[in-house]
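What follows is the content of protein.tsv, which has TSV, C-alpha atoms (C1' of nucleotides):
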```tsv
chain	number	residue	atom	x	y	z
Z	1	MET	CA	0.00	0.00	0.00
Z	2	ASP	CA	1.50	3.30	-1.05
Z	3	THR	CA	1.29	6.68	0.60
Z	4	ARG	CA	-1.50	7.90	-1.58
Z	5	GLU	CA	-3.75	4.99	-0.78
Z	6	ARG	CA	-2.99	5.29	2.89
Z	7	GLU	CA	-3.91	8.95	2.92
Z	8	GLU	CA	-7.12	8.09	1.15
Z	9	LEU	CA	-7.96	5.38	3.64
Z	10	ALA	CA	-7.19	7.71	6.53
Z	11	ARG	CA	-9.59	10.27	5.10
Z	12	LEU	CA	-12.27	7.64	4.69
Z	13	LEU	CA	-11.90	6.49	8.29
Z	14	LYS	CA	-11.92	10.07	9.49
Z	15	ALA	CA	-15.08	10.76	7.52
Z	16	LEU	CA	-16.76	7.80	9.18
Z	17	GLY	CA	-15.27	8.60	12.56
Z	18	GLU	CA	-17.41	11.59	13.36
Z	19	TYR	CA	-20.47	10.77	15.41
Z	20	ASN	CA	-23.09	12.66	13.44
Z	21	ARG	CA	-21.74	11.45	10.11
Z	22	LEU	CA	-21.67	7.89	11.37
Z	23	SER	CA	-25.25	8.32	12.50
Z	24	MET	CA	-26.23	9.39	9.01
Z	25	VAL	CA	-24.51	6.32	7.61
Z	26	TYR	CA	-26.45	4.09	9.99
Z	27	GLU	CA	-29.63	5.89	9.07
Z	28	LEU	CA	-28.93	5.22	5.40
Z	29	CYS	CA	-28.27	1.58	6.25
Z	30	GLU	CA	-31.84	1.25	7.39
Z	31	CYS	CA	-33.37	3.05	4.43
Z	32	SER	CA	-34.17	0.99	1.40
Z	33	SER	CA	-34.56	4.09	-0.73
Z	34	PRO	CA	-32.29	7.15	-1.00
Z	35	ARG	CA	-32.85	10.04	1.41
Z	36	ASN	CA	-32.40	13.75	1.12
Z	37	ALA	CA	-30.52	16.07	3.46
Z	38	MET	CA	-33.66	17.30	5.22
Z	39	CYS	CA	-34.44	13.77	6.27
Z	40	LEU	CA	-30.88	12.95	7.23
Z	41	CYS	CA	-30.39	16.06	9.33
Z	42	GLU	CA	-33.12	14.82	11.66
Z	43	CYS	CA	-31.36	11.66	12.72
Z	44	CYS	CA	-28.68	13.71	14.41
Z	45	SER	CA	-30.67	16.80	15.39
Z	46	VAL	CA	-28.53	19.11	13.40
Z	47	ASP	CA	-29.10	22.12	11.19
Z	48	ALA	CA	-29.73	21.42	7.51
Z	49	SER	CA	-26.61	23.32	6.55
Z	50	VAL	CA	-24.55	21.18	8.86
Z	51	ALA	CA	-26.05	18.03	7.38
Z	52	SER	CA	-25.29	19.35	3.92
Z	53	ARG	CA	-21.64	19.78	4.81
Z	54	HIS	CA	-21.38	16.37	6.45
Z	55	LEU	CA	-22.92	14.74	3.42
Z	56	LYS	CA	-20.46	16.55	1.21
Z	57	VAL	CA	-17.61	15.02	3.17
Z	58	LEU	CA	-19.16	11.57	2.92
Z	59	ALA	CA	-19.62	12.04	-0.81
Z	60	GLN	CA	-16.02	13.19	-1.30
Z	61	GLU	CA	-14.76	10.06	0.38
Z	62	GLY	CA	-17.08	7.89	-1.65
Z	63	VAL	CA	-19.22	6.80	1.26
Z	64	VAL	CA	-22.41	8.04	-0.29
Z	65	GLN	CA	-23.67	8.55	-3.79
Z	66	VAL	CA	-25.62	11.66	-4.69
Z	67	GLU	CA	-28.44	11.88	-7.14
Z	68	LYS	CA	-29.98	15.14	-8.20
Z	69	LYS	CA	-33.74	14.96	-8.20
Z	70	GLY	CA	-35.43	18.25	-8.88
Z	71	ARG	CA	-34.82	20.66	-6.08
Z	72	GLU	CA	-33.53	17.97	-3.79
Z	73	ARG	CA	-30.57	15.65	-3.76
Z	74	THR	CA	-30.89	12.15	-2.55
Z	75	TYR	CA	-28.14	10.18	-0.91
Z	76	SER	CA	-27.52	6.47	-0.81
Z	77	LEU	CA	-24.70	4.37	0.55
Z	78	ASN	CA	-21.96	2.98	-1.65
Z	79	LYS	CA	-22.39	-0.21	0.27
Z	80	THR	CA	-20.09	-2.60	-1.52
Z	81	ALA	CA	-17.24	-0.16	-2.03
Z	82	ILE	CA	-17.08	0.88	1.60
Z	83	ALA	CA	-17.60	-2.62	2.95
Z	84	GLN	CA	-14.81	-3.84	0.72
Z	85	LYS	CA	-12.38	-1.21	1.95
Z	86	LEU	CA	-13.18	-1.90	5.59
Z	87	ARG	CA	-12.71	-5.61	5.06
Z	88	ALA	CA	-9.42	-5.07	3.25
Z	89	LEU	CA	-8.17	-3.13	6.26
Z	90	ALA	CA	-9.44	-5.82	8.60
Z	91	ASP	CA	-7.60	-8.45	6.57
Z	92	GLN	CA	-4.39	-6.50	6.59
Z	93	ILE	CA	-4.54	-5.90	10.32
Z	94	GLU	CA	-5.16	-9.54	10.95
Z	95	SER	CA	-2.47	-10.78	8.63
K	1	MET	CA	-26.64	-0.72	18.14
K	2	ASP	CA	-27.12	1.81	20.91
K	3	THR	CA	-25.72	5.30	21.28
K	4	ARG	CA	-22.90	4.21	23.55
K	5	GLU	CA	-21.63	1.65	21.08
K	6	ARG	CA	-21.90	4.07	18.23
K	7	GLU	CA	-19.87	6.67	20.06
K	8	GLU	CA	-17.27	4.04	20.79
K	9	LEU	CA	-17.13	2.98	17.18
K	10	ALA	CA	-16.83	6.59	16.05
K	11	ARG	CA	-13.90	7.09	18.40
K	12	LEU	CA	-12.24	3.95	17.08
K	13	LEU	CA	-12.61	5.08	13.48
K	14	LYS	CA	-11.36	8.52	14.37
K	15	ALA	CA	-8.33	6.99	16.10
K	16	LEU	CA	-7.53	5.03	12.96
K	17	GLY	CA	-8.38	7.93	10.69
K	18	GLU	CA	-5.32	10.04	11.39
K	19	TYR	CA	-2.49	9.49	8.95
K	20	ASN	CA	0.40	9.11	11.38
K	21	ARG	CA	-1.59	6.85	13.67
K	22	LEU	CA	-2.66	4.71	10.73
K	23	SER	CA	0.99	4.52	9.68
K	24	MET	CA	1.90	3.19	13.10
K	25	VAL	CA	-0.81	0.59	12.81
K	26	TYR	CA	0.55	-0.52	9.45
K	27	GLU	CA	4.04	-0.59	10.88
K	28	LEU	CA	2.83	-2.83	13.69
K	29	CYS	CA	1.14	-5.03	11.10
K	30	GLU	CA	4.52	-5.82	9.67
K	31	CYS	CA	6.26	-6.44	12.96
K	32	SER	CA	6.08	-9.93	14.34
K	33	SER	CA	7.21	-8.73	17.75
K	34	PRO	CA	5.96	-5.75	19.82
K	35	ARG	CA	7.62	-2.39	19.29
K	36	ASN	CA	8.32	0.52	21.56
K	37	ALA	CA	7.48	4.16	20.99
K	38	MET	CA	11.00	5.13	19.90
K	39	CYS	CA	10.78	2.66	17.07
K	40	LEU	CA	7.24	3.61	16.12
K	41	CYS	CA	7.95	7.33	16.06
K	42	GLU	CA	10.39	6.74	13.21
K	43	CYS	CA	7.88	5.34	10.77
K	44	CYS	CA	6.11	8.70	10.66
K	45	SER	CA	9.02	11.05	11.32
K	46	VAL	CA	7.51	12.49	14.41
K	47	ASP	CA	8.77	13.50	17.82
K	48	ALA	CA	8.76	10.80	20.49
K	49	SER	CA	6.32	12.77	22.60
K	50	VAL	CA	3.93	12.93	19.68
K	51	ALA	CA	4.25	9.19	19.13
K	52	SER	CA	3.58	8.64	22.80
K	53	ARG	CA	0.37	10.61	22.59
K	54	HIS	CA	-0.77	8.86	19.42
K	55	LEU	CA	-0.10	5.48	20.97
K	56	LYS	CA	-2.09	6.51	24.02
K	57	VAL	CA	-5.07	7.25	21.79
K	58	LEU	CA	-4.70	3.91	20.03
K	59	ALA	CA	-4.48	2.15	23.38
K	60	GLN	CA	-7.55	3.94	24.73
K	61	GLU	CA	-9.56	2.75	21.77
K	62	GLY	CA	-8.26	-0.76	22.10
K	63	VAL	CA	-6.29	-0.75	18.88
K	64	VAL	CA	-3.03	-1.60	20.56
K	65	GLN	CA	-2.03	-3.43	23.67
K	66	VAL	CA	0.69	-2.07	25.93
K	67	GLU	CA	3.18	-4.08	27.86
K	68	LYS	CA	5.54	-2.55	30.36
K	69	LYS	CA	9.05	-3.87	29.97
K	70	GLY	CA	11.57	-2.19	32.18
K	71	ARG	CA	11.99	1.40	31.15
K	72	GLU	CA	10.22	0.90	27.89
K	73	ARG	CA	6.69	0.01	26.84
K	74	THR	CA	6.03	-2.21	23.93
K	75	TYR	CA	3.01	-2.03	21.73
K	76	SER	CA	1.28	-4.69	19.72
K	77	LEU	CA	-1.91	-4.74	17.70
K	78	ASN	CA	-5.14	-6.15	19.06
K	79	LYS	CA	-5.57	-7.76	15.69
K	80	THR	CA	-8.65	-9.87	16.14
K	81	ALA	CA	-10.63	-7.33	18.14
K	82	ILE	CA	-10.10	-4.53	15.64
K	83	ALA	CA	-10.59	-6.72	12.60
K	84	GLN	CA	-13.81	-8.00	14.07
K	85	LYS	CA	-15.18	-4.50	14.68
K	86	LEU	CA	-14.28	-3.37	11.18
K	87	ARG	CA	-15.96	-6.43	9.68
K	88	ALA	CA	-19.04	-5.92	11.81
K	89	LEU	CA	-19.34	-2.40	10.42
K	90	ALA	CA	-18.77	-3.68	6.90
K	91	ASP	CA	-21.51	-6.25	7.40
K	92	GLN	CA	-23.93	-3.69	8.73
K	93	ILE	CA	-23.25	-1.30	5.89
K	94	GLU	CA	-23.75	-4.01	3.36
K	95	SER	CA	-26.92	-5.37	4.91
E	1	DG	C1'	24.77	8.20	43.33
E	2	DA	C1'	25.72	9.58	38.46
E	3	DC	C1'	24.50	8.79	33.91
E	4	DA	C1'	21.94	7.03	29.96
E	5	DT	C1'	17.61	5.85	27.85
E	6	DA	C1'	12.41	5.69	27.25
E	7	DT	C1'	8.30	7.79	28.21
E	8	DT	C1'	5.13	11.27	29.78
E	9	DT	C1'	3.54	15.92	30.69
E	10	DG	C1'	3.07	20.99	30.44
E	11	DC	C1'	3.01	24.73	27.41
E	12	DG	C1'	2.18	27.33	23.37
E	13	DC	C1'	0.95	27.72	18.58
E	14	DA	C1'	-1.20	27.03	14.23
E	15	DA	C1'	-4.49	24.62	11.65
E	16	DA	C1'	-8.58	21.98	11.29
E	17	DT	C1'	-13.25	21.01	12.62
E	18	DA	C1'	-18.07	21.31	13.93
E	19	DA	C1'	-21.90	24.14	14.67
E	20	DG	C1'	-25.60	27.74	13.98
E	21	DC	C1'	-27.56	31.46	11.60
E	22	DA	C1'	-28.62	34.28	7.78
E	23	DA	C1'	-28.31	35.09	3.01
E	24	DA	C1'	-27.87	33.29	-1.59
E	25	DT	C1'	-29.13	29.86	-4.99
E	26	DA	C1'	-31.83	26.49	-7.34
E	27	DT	C1'	-36.20	24.49	-8.58
E	28	DT	C1'	-40.98	23.31	-8.20
E	29	DT	C1'	-45.79	24.85	-7.76
E	30	DC	C1'	-49.40	28.03	-7.92
N	1	DG	C1'	-43.87	36.38	-11.29
N	2	DA	C1'	-44.61	35.14	-6.28
N	3	DA	C1'	-44.37	31.77	-2.78
N	4	DA	C1'	-42.64	27.49	-1.02
N	5	DT	C1'	-39.06	24.08	-0.42
N	6	DA	C1'	-34.21	22.10	-0.51
N	7	DT	C1'	-29.57	23.00	-0.64
N	8	DT	C1'	-25.36	25.58	-0.46
N	9	DT	C1'	-22.32	29.22	1.06
N	10	DG	C1'	-20.34	32.99	3.91
N	11	DC	C1'	-19.50	34.32	8.34
N	12	DT	C1'	-18.48	33.85	13.18
N	13	DT	C1'	-17.50	31.28	17.33
N	14	DA	C1'	-15.87	27.62	20.18
N	15	DT	C1'	-13.45	23.49	20.47
N	16	DT	C1'	-10.31	20.05	19.18
N	17	DT	C1'	-6.23	18.40	17.26
N	18	DG	C1'	-1.44	17.67	15.94
N	19	DC	C1'	3.03	19.20	16.61
N	20	DG	C1'	7.62	20.44	18.79
N	21	DC	C1'	10.27	21.60	22.55
N	22	DA	C1'	11.75	21.48	27.20
N	23	DA	C1'	11.17	19.69	31.67
N	24	DA	C1'	9.73	15.96	34.57
N	25	DT	C1'	9.46	11.07	35.59
N	26	DA	C1'	10.79	6.24	35.55
N	27	DT	C1'	13.96	2.70	35.15
N	28	DG	C1'	18.14	0.24	33.95
N	29	DT	C1'	23.45	0.39	34.07
N	30	DC	C1'	27.87	1.64	35.65
```
Do you think you could lay out the structure here as structure tokens?
Amino acid sequence: MDTREREELARLLKALGEYNRLSMVYELCECSSPRNAMCLCECCSVDASVASRHLKVLAQEGVVQVEKKGRERTYSLNKTAIAQKLRALADQIES
Amino acid sequence: MDTREREELARLLKALGEYNRLSMVYELCECSSPRNAMCLCECCSVDASVASRHLKVLAQEGVVQVEKKGRERTYSLNKTAIAQKLRALADQIES
DNA sequence: GACATATTTGCGCAAATAAGCAAATATTTC
DNA sequence: GAAATATTTGCTTATTTGCGCAAATATGTC
């Protein structure tokens, strides 16, 4: 694993390692359909602008996928990609 | 998963999500025997005091195990525990 | 006890981060 | 075009975080 990848992984873990962002991720786990920021800001009792910024971070790190739908944007988890990265780290740690 | 567990998980991810700390974890991955702070501070070109603090964070979150050996303390990865938590998160995300 | 080595702690500093609010920016609906 | 709704952005504030250095502490060696 080179430096670049490690930095990327660190950013991913940091993105997930903030309580409100992690809460949003869990919320998305339980939603079968994509959710918008208004919905997601409720699960952590936070201002919509704050949710918007958190979701931006999650999107930058590839945790969530954004879809533009009219005046709203819906977010869904990149389940397989994230799960794969977490498992790869688990494997490496255990090796 | 309750609030307490989620906070704990967030702290774990945050602990892993800092580049120098993650580098130490990778370094420990490659060491068959426990290492002390002097050794681990080299892998990220950081002052010994900084390494000491990083290792304290990793120990608090259960990432590493500390063993007191004379005037030095040696650190080793809690491989199975951490791998298990990462896989549990991966499973939940993928569910 | 003196000295060397490993670790921790106190301090200060700069940068990053999270939050709320208000204003700006879409975009839909009437 | 006006009103309503969803999101983003600018601004400010408070807190946290990472770092280095120097001093303190602990422990082994002579």
Least-squares align chain Z to chain K using all Cα atoms paired by position, then dump the moved coordinates as a compact mmCIF listing (two decimals) with C-alpha atoms, in the frame of the given file.
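File out-v3.txt, as written:
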```txt
# COMPACT_ATOMS: atom_id res chain seq x y z
CA MET Z 1 -26.69 -0.70 18.08
CA ASP Z 2 -27.18 1.81 20.85
CA THR Z 3 -25.76 5.28 21.24
CA ARG Z 4 -22.96 4.20 23.48
CA GLU Z 5 -21.66 1.63 21.05
CA ARG Z 6 -21.93 4.05 18.19
CA GLU Z 7 -19.92 6.66 20.03
CA GLU Z 8 -17.32 4.03 20.78
CA LEU Z 9 -17.14 2.96 17.16
CA ALA Z 10 -16.86 6.57 16.04
CA ARG Z 11 -13.93 7.07 18.39
CA LEU Z 12 -12.25 3.94 17.09
CA LEU Z 13 -12.62 5.06 13.48
CA LYS Z 14 -11.36 8.51 14.38
CA ALA Z 15 -8.35 7.01 16.12
CA LEU Z 16 -7.53 5.04 13.00
CA GLY Z 17 -8.36 7.93 10.71
CA GLU Z 18 -5.33 10.03 11.43
CA TYR Z 19 -2.49 9.51 9.00
CA ASN Z 20 0.38 9.13 11.43
CA ARG Z 21 -1.59 6.84 13.71
CA LEU Z 22 -2.65 4.73 10.76
CA SER Z 23 0.98 4.54 9.72
CA MET Z 24 1.90 3.22 13.14
CA VAL Z 25 -0.82 0.60 12.84
CA TYR Z 26 0.55 -0.50 9.47
CA GLU Z 27 4.03 -0.57 10.92
CA LEU Z 28 2.80 -2.83 13.72
CA CYS Z 29 1.12 -5.03 11.12
CA GLU Z 30 4.50 -5.81 9.67
CA CYS Z 31 6.23 -6.45 12.98
CA SER Z 32 6.05 -9.93 14.36
CA SER Z 33 7.18 -8.74 17.77
CA PRO Z 34 5.96 -5.76 19.83
CA ARG Z 35 7.63 -2.38 19.29
CA ASN Z 36 8.33 0.52 21.55
CA ALA Z 37 7.51 4.18 20.98
CA MET Z 38 11.03 5.10 19.87
CA CYS Z 39 10.76 2.63 17.04
CA LEU Z 40 7.24 3.62 16.11
CA CYS Z 41 7.95 7.33 16.04
CA GLU Z 42 10.37 6.73 13.18
CA CYS Z 43 7.82 5.36 10.76
CA CYS Z 44 6.09 8.72 10.67
CA SER Z 45 9.03 11.04 11.31
CA VAL Z 46 7.54 12.48 14.40
CA ASP Z 47 8.80 13.49 17.81
CA ALA Z 48 8.82 10.79 20.48
CA SER Z 49 6.37 12.76 22.58
CA VAL Z 50 3.98 12.95 19.68
CA ALA Z 51 4.27 9.21 19.12
CA SER Z 52 3.63 8.65 22.80
CA ARG Z 53 0.40 10.61 22.61
CA HIS Z 54 -0.75 8.88 19.44
CA LEU Z 55 -0.10 5.50 20.99
CA LYS Z 56 -2.07 6.53 24.03
CA VAL Z 57 -5.05 7.26 21.82
CA LEU Z 58 -4.69 3.93 20.06
CA ALA Z 59 -4.47 2.17 23.41
CA GLN Z 60 -7.56 3.95 24.75
CA GLU Z 61 -9.56 2.77 21.79
CA GLY Z 62 -8.24 -0.74 22.13
CA VAL Z 63 -6.28 -0.73 18.91
CA VAL Z 64 -3.03 -1.58 20.59
CA GLN Z 65 -2.02 -3.43 23.70
CA VAL Z 66 0.71 -2.07 25.93
CA GLU Z 67 3.21 -4.09 27.86
CA LYS Z 68 5.58 -2.57 30.35
CA LYS Z 69 9.07 -3.89 29.92
CA GLY Z 70 11.63 -2.19 32.09
CA ARG Z 71 12.08 1.38 31.07
CA GLU Z 72 10.24 0.88 27.82
CA ARG Z 73 6.72 0.01 26.83
CA THR Z 74 6.05 -2.21 23.92
CA TYR Z 75 2.99 -2.02 21.74
CA SER Z 76 1.26 -4.70 19.74
CA LEU Z 77 -1.93 -4.74 17.73
CA ASN Z 78 -5.17 -6.14 19.08
CA LYS Z 79 -5.57 -7.77 15.73
CA THR Z 80 -8.66 -9.87 16.17
CA ALA Z 81 -10.64 -7.33 18.16
CA ILE Z 82 -10.12 -4.53 15.67
CA ALA Z 83 -10.59 -6.74 12.62
CA GLN Z 84 -13.82 -8.00 14.10
CA LYS Z 85 -15.18 -4.51 14.68
CA LEU Z 86 -14.29 -3.38 11.18
CA ARG Z 87 -15.94 -6.43 9.69
CA ALA Z 88 -19.06 -5.93 11.80
CA LEU Z 89 -19.34 -2.41 10.41
CA ALA Z 90 -18.76 -3.69 6.90
CA ASP Z 91 -21.51 -6.26 7.37
CA GLN Z 92 -23.93 -3.70 8.68
CA ILE Z 93 -23.24 -1.30 5.84
CA GLU Z 94 -23.73 -4.02 3.32
CA SER Z 95 -26.89 -5.39 4.86
```
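Distance annotation: of K:Arg6, K:Leu22, K:Ser49, K:Leu16, the residue with the minimal separation from DG10 (chain E) is K:Ser49; atom set is only C-alpha atoms (C1' of nucleotides).
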**Prompt:** Taking all atoms listed in the file into account, what are the residues of chain Z at most 8 Å from chain N, put as a VMD selection string?
**Reply:** chain Z and resid 38 49 52 71 to 72
For chain K, the closest of E:DG1, E:DT28, E:DT7, E:DA15 counting all atoms listed in the file is E:DT7
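One distance worth recording is that between CA of Lys79 (chain Z) and CA of Gln60 (chain Z), which is 14.9 Å.
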Please find the residues of chain E near chain Z - the criterion being any atom within 10 Å, counting all atoms listed in the file - and write them as a PyMOL selection string.
chain E and resi 18-21+26-28
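Distance annotation: of K:Glu61, K:Glu27, K:Glu7, K:Glu42, the residue with the minimal separation from chain Z is K:Glu7; atom set is only C-alpha atoms.
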Sorted by chain and rising residue number, which residues of chain Z lie within 12 Å of chain K, and what are their closest atom pairs and distances in Å to one decimal, counting only C-alpha atoms, as a tab-separated table?
```
residue	atom	partner	partner_atom	distance
Z:Met1	CA	K:Tyr26	CA	9.5
Z:Asp2	CA	K:Ser23	CA	10.8
Z:Thr3	CA	K:Ser23	CA	9.3
Z:Arg4	CA	K:Tyr19	CA	10.7
Z:Glu5	CA	K:Tyr19	CA	10.8
Z:Arg6	CA	K:Tyr19	CA	7.4
Z:Glu7	CA	K:Tyr19	CA	6.2
Z:Glu8	CA	K:Tyr19	CA	9.2
Z:Leu9	CA	K:Gly17	CA	7.5
Z:Ala10	CA	K:Gly17	CA	4.3
Z:Arg11	CA	K:Gly17	CA	6.2
Z:Leu12	CA	K:Gly17	CA	7.2
Z:Leu13	CA	K:Gly17	CA	4.5
Z:Lys14	CA	K:Gly17	CA	4.3
Z:Ala15	CA	K:Gly17	CA	7.9
Z:Leu16	CA	K:Leu13	CA	6.6
Z:Gly17	CA	K:Lys14	CA	4.3
Z:Glu18	CA	K:Ala10	CA	5.7
Z:Tyr19	CA	K:Ala10	CA	5.6
Z:Asn20	CA	K:Ala10	CA	9.1
Z:Arg21	CA	K:Ala10	CA	9.1
Z:Leu22	CA	K:Ala10	CA	6.9
Z:Ser23	CA	K:Arg6	CA	7.9
Z:Met24	CA	K:Arg6	CA	11.5
Z:Val25	CA	K:Ile93	CA	7.9
Z:Tyr26	CA	K:Ile93	CA	7.5
Z:Glu27	CA	K:Ile93	CA	10.1
Z:Leu28	CA	K:Ile93	CA	8.7
Z:Cys29	CA	K:Ile93	CA	5.8
Z:Glu30	CA	K:Ser95	CA	8.6
Z:Cys31	CA	K:Ser95	CA	10.6
Z:Ser32	CA	K:Ser95	CA	10.3
Z:Cys44	CA	K:Thr3	CA	11.3
Z:Val63	CA	K:Ile93	CA	10.2
Z:Val64	CA	K:Ile93	CA	11.2
Z:Ser76	CA	K:Ile93	CA	11.1
Z:Leu77	CA	K:Ile93	CA	7.9
Z:Asn78	CA	K:Ile93	CA	8.8
Z:Lys79	CA	K:Glu94	CA	5.1
Z:Thr80	CA	K:Glu94	CA	6.3
Z:Ala81	CA	K:Glu94	CA	9.3
Z:Ile82	CA	K:Ala90	CA	7.2
Z:Ala83	CA	K:Ala90	CA	4.3
Z:Gln84	CA	K:Ala90	CA	7.3
Z:Lys85	CA	K:Ala90	CA	8.5
Z:Leu86	CA	K:Leu86	CA	5.9
Z:Arg87	CA	K:Arg87	CA	5.7
Z:Ala88	CA	K:Arg87	CA	9.3
Z:Leu89	CA	K:Ala83	CA	7.7
Z:Ala90	CA	K:Ala83	CA	4.3
Z:Asp91	CA	K:Ala83	CA	6.9
Z:Gln92	CA	K:Cys29	CA	7.3
Z:Ile93	CA	K:Lys79	CA	5.8
Z:Glu94	CA	K:Lys79	CA	5.1
Z:Ser95	CA	K:Cys29	CA	7.2
```
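Picture a line from CA of Leu58 (chain Z) to CA of Leu40 (chain Z); it runs 12.6 Å.
Note that the spacing between CA of Val66 (chain K) and C1' of DC11 (chain E) amounts to 26.9 Å.
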Emit a file covering region 41-52 of chain Z of the preceding structure with N, CA and C atoms, as a short mmCIF file (atom, residue, chain, number, x, y, z; two decimals), in the first residue's frame.
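Dumped to result04.cif:
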```cif
data_model
loop_
_atom_site.label_atom_id
_atom_site.label_comp_id
_atom_site.auth_asym_id
_atom_site.auth_seq_id
_atom_site.Cartn_x
_atom_site.Cartn_y
_atom_site.Cartn_z
N CYS Z 41 -30.82 15.15 8.27
CA CYS Z 41 -30.39 16.06 9.33
C CYS Z 41 -31.17 15.81 10.60
N GLU Z 42 -32.31 15.10 10.47
CA GLU Z 42 -33.12 14.82 11.66
C GLU Z 42 -32.50 13.76 12.56
N CYS Z 43 -31.88 12.77 11.92
CA CYS Z 43 -31.36 11.66 12.72
C CYS Z 43 -30.26 12.08 13.66
N CYS Z 44 -29.69 13.28 13.44
CA CYS Z 44 -28.68 13.71 14.41
C CYS Z 44 -28.97 15.12 14.91
N SER Z 45 -30.23 15.52 14.83
CA SER Z 45 -30.67 16.80 15.39
C SER Z 45 -29.71 17.93 15.09
N VAL Z 46 -29.50 18.13 13.82
CA VAL Z 46 -28.53 19.11 13.40
C VAL Z 46 -29.13 19.99 12.30
N ASP Z 47 -28.63 21.19 12.20
CA ASP Z 47 -29.10 22.12 11.19
C ASP Z 47 -28.91 21.54 9.78
N ALA Z 48 -29.80 21.94 8.88
CA ALA Z 48 -29.73 21.42 7.51
C ALA Z 48 -28.39 21.77 6.86
N SER Z 49 -27.88 22.94 7.16
CA SER Z 49 -26.61 23.32 6.55
C SER Z 49 -25.47 22.44 7.04
N VAL Z 50 -25.56 22.06 8.28
CA VAL Z 50 -24.55 21.18 8.86
C VAL Z 50 -24.64 19.81 8.19
N ALA Z 51 -25.85 19.32 8.05
CA ALA Z 51 -26.05 18.03 7.38
C ALA Z 51 -25.50 18.08 5.96
N SER Z 52 -25.76 19.17 5.29
CA SER Z 52 -25.29 19.35 3.92
C SER Z 52 -23.77 19.22 3.86
#
```
